[in-house]
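In what follows, a single structure is set out as structure tokens and then discussed.
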2 protein chains.
Amino acid sequence: MRAAIFRKGSFVLGDVPDPQLQPGQVLVRTKACGICGTDLHAARFTREFVSLAARSGGRWNMDTERDVVFGHEFVGEVVANGPGTEGKFKPGQLVTSMPLTIAGNTVIGLGYNPDMAGGFAEYMPLAERMLLPLPAGMEPDHAALTEPMAVGIHAVEHFGVNNAEVPLVIGCGPIGLATIAALKLHGHAPIIAADFSAGRRALAKKMGADIVIDPAVESPYQALERAITPDGFDAGRYAALFGLGPKRRPAVLFECVGIPGVLAAMMEGAPTGARIIVVGVCMEPDGIEPFFGIVKQLSLHFVLAYNAQEFAATLGHIGAGRLDVRPLITGRIGLAEVGQAFKDLASPETHAKILVEPWH
Amino acid sequence: MRAAIFRKGSFVLGDVPDPQLQPGQVLVRTKACGICGTDLHAARFTREFVSLAARSGGRWNMDTERDVVFGHEFVGEVVANGPGTEGKFKPGQLVTSMPLTIAGNTVIGLGYNPDMAGGFAEYMPLAERMLLPLPAGMEPDHAALTEPMAVGIHAVEHFGVNNAEVPLVIGCGPIGLATIAALKLHGHAPIIAADFSAGRRALAKKMGADIVIDPAVESPYQALERAITPDGFDAGRYAALFGLGPKRRPAVLFECVGIPGVLAAMMEGAPTGARIIVVGVCMEPDGIEPFFGIVKQLSLHFVLAYNAQEFAATLGHIGAGRLDVRPLITGRIGLAEVGQAFKDLASPETHAKILVEPWH
């Protein structure tokens, strides 16, 4: 089958073996698959991914010498049921799945695996047990956004962000935008978002941000300070009566950039008692100044991906229109254009999410 | 009055002006005052303290050019009630206080203030409103441990450590030992503690640690892994029956060292889902590898000091014998020996807490 193959640092269009179905697997024709920020990271930092994964007690199958076919944000169509399946899905059924398949008793990650092509190829051997049928009437391509939107849902739900907290999202790439959408879905307000790119700020507005900040013009932390400090007459009057400082709302900040230095700046800018949820994936060593954490009694929560329930719920939210992913889809390409798209995604003004359509 | 004066990097015995009582203040004769790790930091990193405090929006009155009299862990005896006091305390009454006094409407920190001597001097002008009388029958010197022990109480209580979590305390200096004592008080078990010093490990045992680890011999993180993984028959059997991995207890780690590199090592060593409570005060920039936080979804909570309720409760715990501070007191000196004591405290085998007795 045709695939966009990542080979020693660049992409080539070529052929890889067709999937051989294992018991319990279903052959799925890939309709669309998004390019993820982690794909860009993995292409650039393959060596670091492998070494850090080993040190954390897991493993990362990619290495710099072997071909790999990326792609883990996909929607597809059932083509054939393999041996030992229950036949729950008829050919033609639209499905998505967490980017995992199952062979025997082994769960296998898809999208960074040199032994099994991900979604930037024509077909995938998915596990029948993990397939989620698309809700009736759902625009098929929108299901390819389930994976990145689930990251936003997880970021907001995993450590129990509550509605008293005023959220500030730093960085409005796809993960920041997914976080904004999840905050909006759960009724958080006001949602403040900051990005140097005008295009990204416009997308942040569309996804639900109430206040958007250009950090080149205004400090997002000052905007947050204003938002958490009540300006009502009664709040000030009661504070004065009881000899208290003004009661402020708590703050929760989302790090959605993932490059060194951002966390340190957020710790310096955050208000006292704030929580910082780290959603951006920084693969490099980073520097912080613990003093700011200490004097302000900050909490940092690191989050990863989503769980199965969050993934399924996210598909439901998108299917029902509670999460509108249309603004995120800024391009559609074929397999031959994947290499160029990885370069194009460096420019935030043009693109948020590019969908690869292997049959384009 | 006589004082141990910190002057341009070293200590001299000398005279400073007697306190002039402001309305609401009480003259207290200092009986004993502990030397704190933060004192050692402040003597060594004065410039960094000042600059970091300014950047965090507060201020730190010390500077490198002016004399200062340290001392903020004190117990004393009421000598005289100043103007505008209610006379709640008779001369001779033993008291302690948070290291703050009040002049007019201004709260003033004691212990790092070039304008007002701390506890390494004969007298202090304390606020009547903040004085806590010692419980009847309490050994007076033990009240000087209220301040550091309150740091341990706050570390355990502020972010709600619960008894399902297995605690690992990294570093058994006075703050680590206070944390161990607070964990013991609240019934946490098993308490694991690690320190390179045999003397400190012996103290950790006395303060309530169940398992003590010499990191030169054994990894504290492996000890923690064993403690959180149940080895009972039923746990394993049910896990197998339901196709689950073994249920593990959550883990909470306490950083009680405060030097660069410790937090990064703890993030690499911590089990999945752990919380790390940062109690040690690292004044220098520090490096972390966010990847370990992400793949294990760690939380870092930074804590500072204690609040007024925690301080008062800690005095009550010590007075009632629920917190036994006797093992911590390893030396008693006069004002002339403060400089030498700052040097001696660099050796963990000899000392934990040295009490300065200005009338020695």
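Numbering starts fresh at 1 for the residues of each chain in the structure tokens, the chains themselves are lettered A, B, ... in the order given, and ligands are numbered from 1 as they appear.
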
List the neighbours of segment 96-111 of chain B out to 9 Å using only C-alpha atoms; skip same-chain residues closer than 5 positions along the sequence, and give me the result as a PyMOL selection string. chain B and resi 21-25+39+68-77+116-120+125-134+143-144+146-147+308+311-312+315

List as CSV every residue of chain A that is in contact with chain B, defined as an atom at most 6 Å from one of its atoms (using only C-alpha atoms), together with the nearest atom pair and the distance in Å rounded to one decimal, sorted by chain and then rising number.
residue,atom,partner,partner_atom,distance
A:Met283,CA,B:Phe291,CA,5.9
A:Pro285,CA,B:Glu289,CA,4.6
A:Asp286,CA,B:Ile288,CA,5.4
A:Gly287,CA,B:Gly287,CA,4.4
A:Ile288,CA,B:Asp286,CA,5.4
A:Glu289,CA,B:Pro285,CA,4.6
A:Phe291,CA,B:Met283,CA,5.9
A:Gly293,CA,B:Phe302,CA,5.5
A:Ile294,CA,B:Phe302,CA,5.0
A:Gln297,CA,B:Phe302,CA,4.8
A:Leu298,CA,B:Phe302,CA,5.5
A:Ser299,CA,B:His301,CA,4.3
A:Leu300,CA,B:Leu300,CA,5.0
A:His301,CA,B:Ser299,CA,4.3
A:Phe302,CA,B:Gln297,CA,4.8
A:Val303,CA,B:Gln297,CA,4.9
A:Leu304,CA,B:Ile294,CA,5.5

Run DSSP on the backbone and tell me which residues of segment 200-328 of chain A come out as strand (DSSP E); list them as a PyMOL selection string. chain A and resi 211-213+251-255+275-278+286-288+299-302

C-alpha atoms of the current selection, written as a compact mmCIF listing (two decimals), in the first residue's frame:
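Full text of result_27.txt as output:
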# COMPACT_ATOMS: atom_id res chain seq x y z
CA ILE A 211 -10.23 37.42 26.08
CA VAL A 212 -7.30 37.01 23.69
CA ILE A 213 -3.92 38.54 24.39
CA ALA A 251 -6.32 30.83 38.69
CA VAL A 252 -5.41 27.86 36.52
CA LEU A 253 -2.86 28.27 33.74
CA PHE A 254 -2.36 25.87 30.84
CA GLU A 255 1.10 25.52 29.31
CA ARG A 275 -2.16 25.82 39.39
CA ILE A 276 -0.25 25.35 36.16
CA ILE A 277 -1.32 22.40 34.01
CA VAL A 278 1.47 21.39 31.64
CA ASP A 286 14.07 22.96 30.97
CA GLY A 287 15.01 25.50 33.62
CA ILE A 288 12.80 26.78 36.41
CA SER A 299 1.13 23.63 41.86
CA LEU A 300 2.32 22.15 38.57
CA HIS A 301 0.33 19.29 37.10
CA PHE A 302 1.74 17.42 34.12

Identify which of the residues A:Arg29, A:Lys8, A:Arg226, A:Arg200 lies closest to Arg44 of chain A, counting only C-alpha atoms when measuring atom-to-atom distances.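 Under the stated criterion, the closest residue is A:Lys8.
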
Exercise: Ile180 of chain B partners within 9 Å, only C-alpha atoms, chain neighbours under 2 positions left out, as a list in words: Gly152, Pro167, Val169, Cys172, Ile175, Gly176, Leu177, Ala178, Ala182, Leu183, Lys184, Leu185, Ile191, Ile192, Ala193, Ala204, Met207, Gly208 and Ala209 of chain B

Which residues come within 9 Å of Ile228 of chain B, counting only C-alpha atoms, excluding same-chain residues fewer than 2 positions away, as a VMD selection string? chain B and resid 165 to 166 223 to 226 230 247 to 251

Secondary structure check, alpha helix (DSSP H) residues of segment 10-178 of chain B, as a PyMOL selection string: chain B and resi 37-44+46-55+146-157+174-178

Length of the atom CA of Asp63 of chain A to atom CA of Thr46 of chain A vector [Å]: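 These two atoms are separated by 6.5 Å.
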
Atom CA of Asp18 of chain A to atom CA of Gly34 of chain A: how many Å, to one decimal? 21.0 Å
